[in-house]
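coords_7.tsv follows (TSV, C-alpha atoms):
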chain	number	residue	atom	x	y	z
A	1	MET	CA	-29.06	-32.54	-15.12
A	2	SER	CA	-25.39	-33.48	-15.00
A	3	LYS	CA	-22.92	-31.03	-13.55
A	4	LEU	CA	-19.26	-30.08	-13.33
A	5	TYR	CA	-17.52	-31.00	-10.09
A	6	ILE	CA	-14.34	-29.16	-9.09
A	7	VAL	CA	-12.43	-31.62	-6.91
A	8	PRO	CA	-9.33	-30.70	-4.83
A	9	THR	CA	-6.60	-33.33	-4.61
A	10	PRO	CA	-3.72	-33.64	-2.11
A	11	ILE	CA	-0.81	-31.21	-2.41
A	12	GLY	CA	1.57	-33.83	-1.08
A	13	ASN	CA	0.29	-36.11	1.65
A	14	LEU	CA	-2.12	-38.57	0.01
A	15	GLU	CA	-4.28	-38.66	3.16
A	16	ASP	CA	-5.36	-35.05	2.53
A	17	ILE	CA	-8.42	-35.87	0.44
A	18	THR	CA	-12.01	-35.90	1.66
A	19	LEU	CA	-14.37	-38.85	1.61
A	20	ARG	CA	-16.72	-36.77	-0.52
A	21	ALA	CA	-13.98	-36.10	-3.07
A	22	ILE	CA	-13.23	-39.83	-3.36
A	23	ARG	CA	-16.92	-40.65	-3.82
A	24	THR	CA	-17.33	-37.93	-6.44
A	25	LEU	CA	-14.35	-39.16	-8.45
A	26	LYS	CA	-15.69	-42.72	-8.34
A	27	GLU	CA	-19.20	-41.72	-9.41
A	28	ALA	CA	-18.23	-39.28	-12.19
A	29	ASP	CA	-18.52	-40.43	-15.81
A	30	LEU	CA	-15.24	-38.71	-16.69
A	31	ILE	CA	-12.33	-37.08	-14.87
A	32	LEU	CA	-10.46	-34.19	-16.47
A	33	ALA	CA	-6.86	-34.20	-15.23
A	34	GLU	CA	-4.04	-31.72	-15.74
A	35	ASP	CA	-1.57	-34.60	-16.22
A	36	THR	CA	-3.16	-38.03	-16.55
A	37	ARG	CA	0.10	-39.74	-15.58
A	38	THR	CA	0.38	-37.82	-12.31
A	39	SER	CA	-3.30	-38.16	-11.47
A	40	GLY	CA	-3.27	-41.82	-12.51
A	41	LYS	CA	-0.99	-42.61	-9.57
A	42	LEU	CA	-3.39	-40.95	-7.12
A	43	LEU	CA	-6.45	-42.65	-8.60
A	44	LYS	CA	-4.74	-46.03	-8.49
A	45	HIS	CA	-3.86	-45.41	-4.83
A	46	LEU	CA	-7.52	-44.59	-4.11
A	47	GLY	CA	-8.87	-47.54	-6.10
A	48	ILE	CA	-10.63	-45.29	-8.64
A	49	SER	CA	-10.98	-46.55	-12.22
A	50	THR	CA	-12.98	-43.68	-13.75
A	51	GLN	CA	-11.90	-42.76	-17.28
A	52	MET	CA	-9.58	-39.73	-17.57
A	53	HIS	CA	-8.99	-37.14	-20.26
A	54	SER	CA	-6.26	-34.49	-20.32
A	55	HIS	CA	-7.24	-30.89	-19.52
A	56	HIS	CA	-4.38	-28.43	-19.08
A	57	MET	CA	-3.32	-24.85	-19.78
A	58	HIS	CA	-2.20	-25.66	-23.32
A	59	ASN	CA	-5.50	-27.14	-24.52
A	60	GLU	CA	-8.21	-25.69	-22.27
A	61	HIS	CA	-9.03	-22.81	-24.66
A	62	LYS	CA	-9.82	-25.35	-27.39
A	63	THR	CA	-11.72	-27.90	-25.31
A	64	VAL	CA	-14.07	-25.97	-23.00
A	65	GLU	CA	-16.88	-25.80	-25.56
A	66	ALA	CA	-16.83	-29.52	-26.28
A	67	ILE	CA	-16.59	-30.39	-22.59
A	68	SER	CA	-19.49	-28.15	-21.63
A	69	GLU	CA	-21.60	-29.68	-24.42
A	70	ARG	CA	-20.84	-33.15	-23.07
A	71	ILE	CA	-22.12	-32.08	-19.65
A	72	LEU	CA	-25.27	-30.65	-21.25
A	73	SER	CA	-25.80	-33.99	-22.99
A	74	GLY	CA	-25.79	-35.83	-19.65
A	75	THR	CA	-22.15	-36.53	-18.77
A	76	THR	CA	-21.07	-35.88	-15.19
A	77	ILE	CA	-17.51	-34.55	-15.20
A	78	ALA	CA	-15.03	-34.03	-12.36
A	79	LEU	CA	-12.11	-31.66	-12.84
A	80	ILE	CA	-8.86	-32.15	-10.92
A	81	SER	CA	-5.36	-30.64	-11.16
A	82	ASP	CA	-2.00	-32.19	-10.35
A	83	ALA	CA	-2.30	-30.96	-6.76
A	84	GLY	CA	-4.62	-28.75	-4.78
A	85	THR	CA	-7.80	-26.98	-5.87
A	86	PRO	CA	-8.30	-26.51	-9.63
A	87	ALA	CA	-8.34	-22.90	-10.93
A	88	ILE	CA	-6.06	-21.67	-8.12
A	89	SER	CA	-2.93	-20.99	-10.21
A	90	ASP	CA	-4.04	-24.00	-12.28
A	91	PRO	CA	-6.46	-24.67	-15.17
A	92	GLY	CA	-10.14	-24.53	-14.31
A	93	PHE	CA	-11.36	-20.95	-14.58
A	94	LEU	CA	-12.21	-21.06	-18.29
A	95	LEU	CA	-14.25	-24.25	-18.01
A	96	THR	CA	-16.04	-23.03	-14.89
A	97	ARG	CA	-16.95	-19.74	-16.57
A	98	THR	CA	-18.19	-21.48	-19.72
A	99	CYS	CA	-20.36	-23.86	-17.72
A	100	ILE	CA	-21.90	-21.03	-15.72
A	101	GLU	CA	-22.62	-19.09	-18.93
A	102	LYS	CA	-24.46	-22.14	-20.30
A	103	GLY	CA	-26.50	-22.68	-17.16
A	104	ILE	CA	-24.59	-25.78	-16.07
A	105	GLU	CA	-24.40	-26.34	-12.32
A	106	VAL	CA	-20.84	-26.12	-10.94
A	107	ASP	CA	-20.09	-27.73	-7.58
A	108	CYS	CA	-16.68	-26.95	-6.05
A	109	LEU	CA	-15.74	-29.27	-3.20
A	110	PRO	CA	-13.68	-27.93	-0.29
A	111	GLY	CA	-10.21	-29.37	0.12
A	112	ALA	CA	-6.48	-29.00	-0.09
A	113	THR	CA	-4.79	-25.83	-1.32
A	114	ALA	CA	-1.25	-24.75	-0.56
A	115	PHE	CA	-1.63	-21.09	0.39
A	116	VAL	CA	-4.00	-21.58	3.36
A	117	PRO	CA	-1.63	-23.59	5.63
A	118	ALA	CA	1.30	-21.41	4.55
A	119	LEU	CA	-0.59	-18.25	5.49
A	120	VAL	CA	-1.84	-19.60	8.80
A	121	ASN	CA	1.54	-20.90	9.99
A	122	SER	CA	3.42	-17.79	8.81
A	123	GLY	CA	2.58	-15.92	12.00
A	124	LEU	CA	1.70	-12.85	9.93
A	125	PRO	CA	-1.71	-11.14	10.03
A	126	ASN	CA	-4.25	-13.26	8.18
A	127	ASP	CA	-7.58	-11.62	8.97
A	128	LYS	CA	-7.16	-9.84	5.63
A	129	PHE	CA	-4.75	-10.90	2.90
A	130	VAL	CA	-4.04	-10.74	-0.83
A	131	PHE	CA	-3.38	-13.87	-2.90
A	132	GLU	CA	-1.15	-13.04	-5.86
A	133	GLY	CA	-0.11	-16.50	-7.03
A	134	PHE	CA	2.84	-16.36	-9.44
A	135	LEU	CA	4.23	-12.93	-10.28
A	136	PRO	CA	4.62	-12.07	-13.98
A	137	VAL	CA	7.98	-13.34	-15.20
A	138	LYS	CA	8.81	-10.32	-17.37
A	139	LYS	CA	6.09	-8.08	-18.76
A	140	GLY	CA	4.28	-6.22	-16.01
A	141	ARG	CA	6.45	-7.56	-13.19
A	142	GLN	CA	7.92	-4.24	-12.03
A	143	THR	CA	4.57	-2.48	-12.39
A	144	ARG	CA	2.90	-5.12	-10.22
A	145	LEU	CA	5.64	-4.93	-7.59
A	146	LYS	CA	5.36	-1.14	-7.41
A	147	ILE	CA	1.61	-1.43	-6.78
A	148	LEU	CA	2.05	-4.16	-4.17
A	149	ALA	CA	4.68	-2.12	-2.34
A	150	GLU	CA	1.78	0.02	-1.07
A	151	GLU	CA	-0.44	-2.94	-0.13
A	152	PRO	CA	-1.22	-2.91	3.65
A	153	ARG	CA	-2.46	-6.52	3.82
A	154	SER	CA	-0.33	-9.66	4.03
A	155	MET	CA	0.50	-10.97	0.55
A	156	VAL	CA	0.78	-14.58	-0.61
A	157	PHE	CA	2.82	-15.73	-3.61
A	158	TYR	CA	3.73	-19.01	-5.26
A	159	GLU	CA	7.26	-19.51	-6.58
A	160	SER	CA	9.43	-22.19	-8.14
A	161	PRO	CA	12.88	-23.03	-6.69
A	162	HIS	CA	14.93	-21.60	-9.56
A	163	LYS	CA	13.16	-18.21	-9.34
A	164	LEU	CA	12.94	-17.91	-5.57
A	165	ILE	CA	16.08	-15.85	-4.94
A	166	LYS	CA	15.24	-13.46	-7.80
A	167	THR	CA	11.77	-12.92	-6.34
A	168	LEU	CA	13.12	-12.34	-2.82
A	169	THR	CA	15.67	-9.90	-4.25
A	170	ASP	CA	12.86	-8.04	-6.03
A	171	PHE	CA	10.96	-7.87	-2.74
A	172	ALA	CA	14.02	-6.30	-1.09
A	173	THR	CA	14.21	-3.74	-3.89
A	174	PHE	CA	10.54	-2.79	-4.01
A	175	PHE	CA	9.29	-3.55	-0.48
A	176	GLY	CA	12.47	-3.10	1.56
A	177	GLY	CA	14.72	-5.68	3.13
A	178	ASP	CA	13.23	-5.34	6.63
A	179	ARG	CA	9.74	-6.62	5.76
A	180	GLN	CA	8.77	-9.70	7.75
A	181	MET	CA	8.06	-12.78	5.72
A	182	SER	CA	7.63	-16.54	5.76
A	183	VAL	CA	8.68	-19.05	3.13
A	184	SER	CA	7.13	-22.53	3.21
A	185	ARG	CA	8.24	-25.40	0.99
A	186	GLU	CA	7.03	-28.92	0.29
A	187	LEU	CA	3.89	-28.45	2.39
A	188	THR	CA	2.44	-31.72	3.78
A	189	LYS	CA	5.41	-33.69	2.41
A	190	MET	CA	8.30	-35.41	4.18
A	191	HIS	CA	10.66	-32.42	3.86
A	192	GLU	CA	8.10	-29.74	4.76
A	193	GLU	CA	9.80	-26.62	6.12
A	194	THR	CA	8.87	-23.04	6.99
A	195	ILE	CA	11.53	-20.33	7.37
A	196	ARG	CA	10.58	-16.99	8.92
A	197	GLY	CA	12.46	-13.69	9.14
A	198	THR	CA	13.10	-10.48	7.23
A	199	VAL	CA	13.50	-10.40	3.47
A	200	HIS	CA	17.27	-9.92	3.85
A	201	GLU	CA	17.53	-12.80	6.31
A	202	LEU	CA	15.72	-15.15	3.95
A	203	ILE	CA	17.85	-14.07	0.99
A	204	ASN	CA	20.95	-14.93	3.02
A	205	HIS	CA	19.41	-18.25	4.05
A	206	PHE	CA	18.64	-19.39	0.51
A	207	ASN	CA	21.97	-18.11	-0.82
A	208	THR	CA	23.65	-20.59	1.52
A	209	LYS	CA	21.05	-23.35	1.19
A	210	ALA	CA	19.91	-23.97	-2.37
A	211	PRO	CA	16.11	-23.77	-2.77
A	212	LYS	CA	14.43	-27.13	-3.39
A	213	GLY	CA	10.75	-27.93	-3.81
A	214	GLU	CA	7.74	-25.73	-4.46
A	215	PHE	CA	7.38	-22.55	-2.39
A	216	VAL	CA	4.65	-20.43	-0.85
A	217	ILE	CA	5.80	-16.97	0.21
A	218	VAL	CA	3.90	-14.83	2.72
A	219	ILE	CA	5.11	-11.26	3.23
A	220	SER	CA	3.77	-8.57	5.52
A	221	GLY	CA	2.00	-5.55	4.09
A	222	LYS	CA	3.14	-1.96	4.31
A	223	SER	CA	2.75	-0.61	7.84
Kindly return the structure encoded in the file as structure tokens.
Amino acid sequence: MSKLYIVPTPIGNLEDITLRAIRTLKEADLILAEDTRTSGKLLKHLGISTQMHSHHMHNEHKTVEAISERILSGTTIALISDAGTPAISDPGFLLTRTCIEKGIEVDCLPGATAFVPALVNSGLPNDKFVFEGFLPVKKGRQTRLKILAEEPRSMVFYESPHKLIKTLTDFATFFGGDRQMSVSRELTKMHEETIRGTVHELINHFNTKAPKGEFVIVISGKS
């Protein structure tokens, strides 16, 4: 029976894709891509001509039933996102859940994801950690921060450049300005950078140097 493959793609450096991922994308009948224009550049680079359809956060609620039925009818489908592992702060969960409910085999390949290198090179404890992804923008944000203020494990967050300083300021308010943290940006890319220090030190840093790129934040838990 055909199956759903979850295929990680590079988060920046195009060399960060496995041989198995390339083979899977070539052999699939159809690739579901978050943005077909973005993924088209990667597939062209890899010499992959498999047909693509769009699958993103704005249409996934409407399409999961039809996609799962196509797999049941014999179509092998590979799901990718713009970068990294699908379903990690990206579309993918709903389709995976629907396939499992219908008895469709789901095969998730190992591969690139941004939070693992950021956590490892932060220098903060990583034997146990909490992945939070993006904080709520408005509703539930303060409630979540109050809960996380008591979390003893290292915490990992994703953030965009225009919200970074607000998030760091919220950390100072709810966690305290002396917490140790690490902020990584543009992982695996030409301008990759990791800044380490206290919350206050990193606020000062990014107030003098405008944030650019996509960020992974790692902050120590409550001691």
Ref. answer, residues at most 12 Å from (-14.3, -23.9, -19.8) with only C-alpha atoms, as a ChimeraX atom specification: /A:4,6,32,55-57,59-71,79,87,91-102,104,106
Expressed in Å to a single decimal, how great is the separation between CA of Tyr5 in chain A and CA of Asp127 in chain A? 28.9 Å
Interatomic distance between CA of Ala28 in chain A and CA of Pro110 in chain A?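 Pair CA of Ala28 in chain A / CA of Pro110 in chain A returns 17.1 Å.
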Go through range 8-114 of chain A and flag each residue having an atom no more than 12 Å from range 180-188 of chain A; for those, report the closest pair of atoms plus their distance in Å to one decimal, using all atoms listed in the file, ordered by chain and rising number, as a Markdown table.
| residue | atom | partner | partner_atom | distance |
| --- | --- | --- | --- | --- |
| A:Pro10 | CA | A:Thr188 | CA | 8.7 |
| A:Ile11 | CA | A:Thr188 | CA | 7.0 |
| A:Gly12 | CA | A:Thr188 | CA | 5.4 |
| A:Asn13 | CA | A:Thr188 | CA | 5.3 |
| A:Leu14 | CA | A:Thr188 | CA | 9.1 |
| A:Glu15 | CA | A:Thr188 | CA | 9.7 |
| A:Asp16 | CA | A:Thr188 | CA | 8.6 |
| A:Ala83 | CA | A:Leu187 | CA | 11.3 |
| A:Gly84 | CA | A:Leu187 | CA | 11.1 |
| A:Ala112 | CA | A:Thr188 | CA | 10.1 |
| A:Thr113 | CA | A:Leu187 | CA | 9.8 |
| A:Ala114 | CA | A:Leu187 | CA | 7.0 |
For Val199 in chain A, which of A:Arg141, A:Lys128, A:Lys41, A:Arg179 is the closest residue, counting all atoms listed in the file? A:Arg179
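When the distance limit is 12 Å and only C-alpha atoms are what count, the residues near Val137 in chain A, minus those fewer than 4 positions from it on the same chain, are Gly133, Arg141, Gln142, Thr143, Arg144, Leu145, Glu159, Ser160, Lys163, Leu164, Lys166, Thr167 and Asp170 of chain A.
The interatomic distance for the pair CA of Arg37 in chain A and CA of Gly111 in chain A works out to 21.5 Å.
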Give me, as a tab-separated table, the closest atom pair and its distance (Å, one decimal) for every residue of range 20-129 of chain A within a cut-off of 10 Å of range 202-219 of chain A, counting all atoms listed in the file, rows sorted by chain and rising number.
residue	atom	partner	partner_atom	distance
A:Ala114	CA	A:Val216	CA	7.3
A:Phe115	CA	A:Val216	CA	6.4
A:Val116	CA	A:Val216	CA	9.7
A:Pro117	CA	A:Val216	CA	9.6
A:Ala118	CA	A:Val216	CA	6.4
A:Leu119	CA	A:Val218	CA	6.3
A:Val120	CA	A:Val218	CA	9.6
A:Asn121	CA	A:Val218	CA	9.8
A:Ser122	CA	A:Val218	CA	6.8
A:Gly123	CA	A:Val218	CA	9.4
A:Leu124	CA	A:Ile219	CA	7.7
A:Pro125	CA	A:Ile219	CA	9.6
A:Asn126	CA	A:Val218	CA	9.9
A:Phe129	CA	A:Val218	CA	9.5
Out of A:Ile88, A:Leu109, A:Thr75, A:Gly103, which residue has the shortest atom-to-atom distance to Thr18 in chain A when counting only C-alpha atoms?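 Of all the options, A:Leu109 lies closest to Thr18 in chain A.
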Edge lengths and centre, in Å to one decimal, as JSON: that's what I need for the box along x, y and z that holds all listed atoms of range 42-46 of chain A plus 8 Å on each side.
{"center_x": -5.5, "center_y": -43.5, "center_z": -6.4, "size_x": 20.1, "size_y": 21.1, "size_z": 20.5}
Please work out which residues fall within 9 Å of (-14.6, -41.0, -19.5), coordinates as given in the file, with only C-alpha atoms counting, and return them as an MDAnalysis selection string. chainID A and resid 28:32 50:53 75 77
List the spatial neighbours of Ile80 in chain A as a ChimeraX atom specification - criterion: any atom at most 7 Å away, all atoms listed in the file, same-chain residues fewer than 2 positions off excluded. /A:6-9,32-34,78,82,86
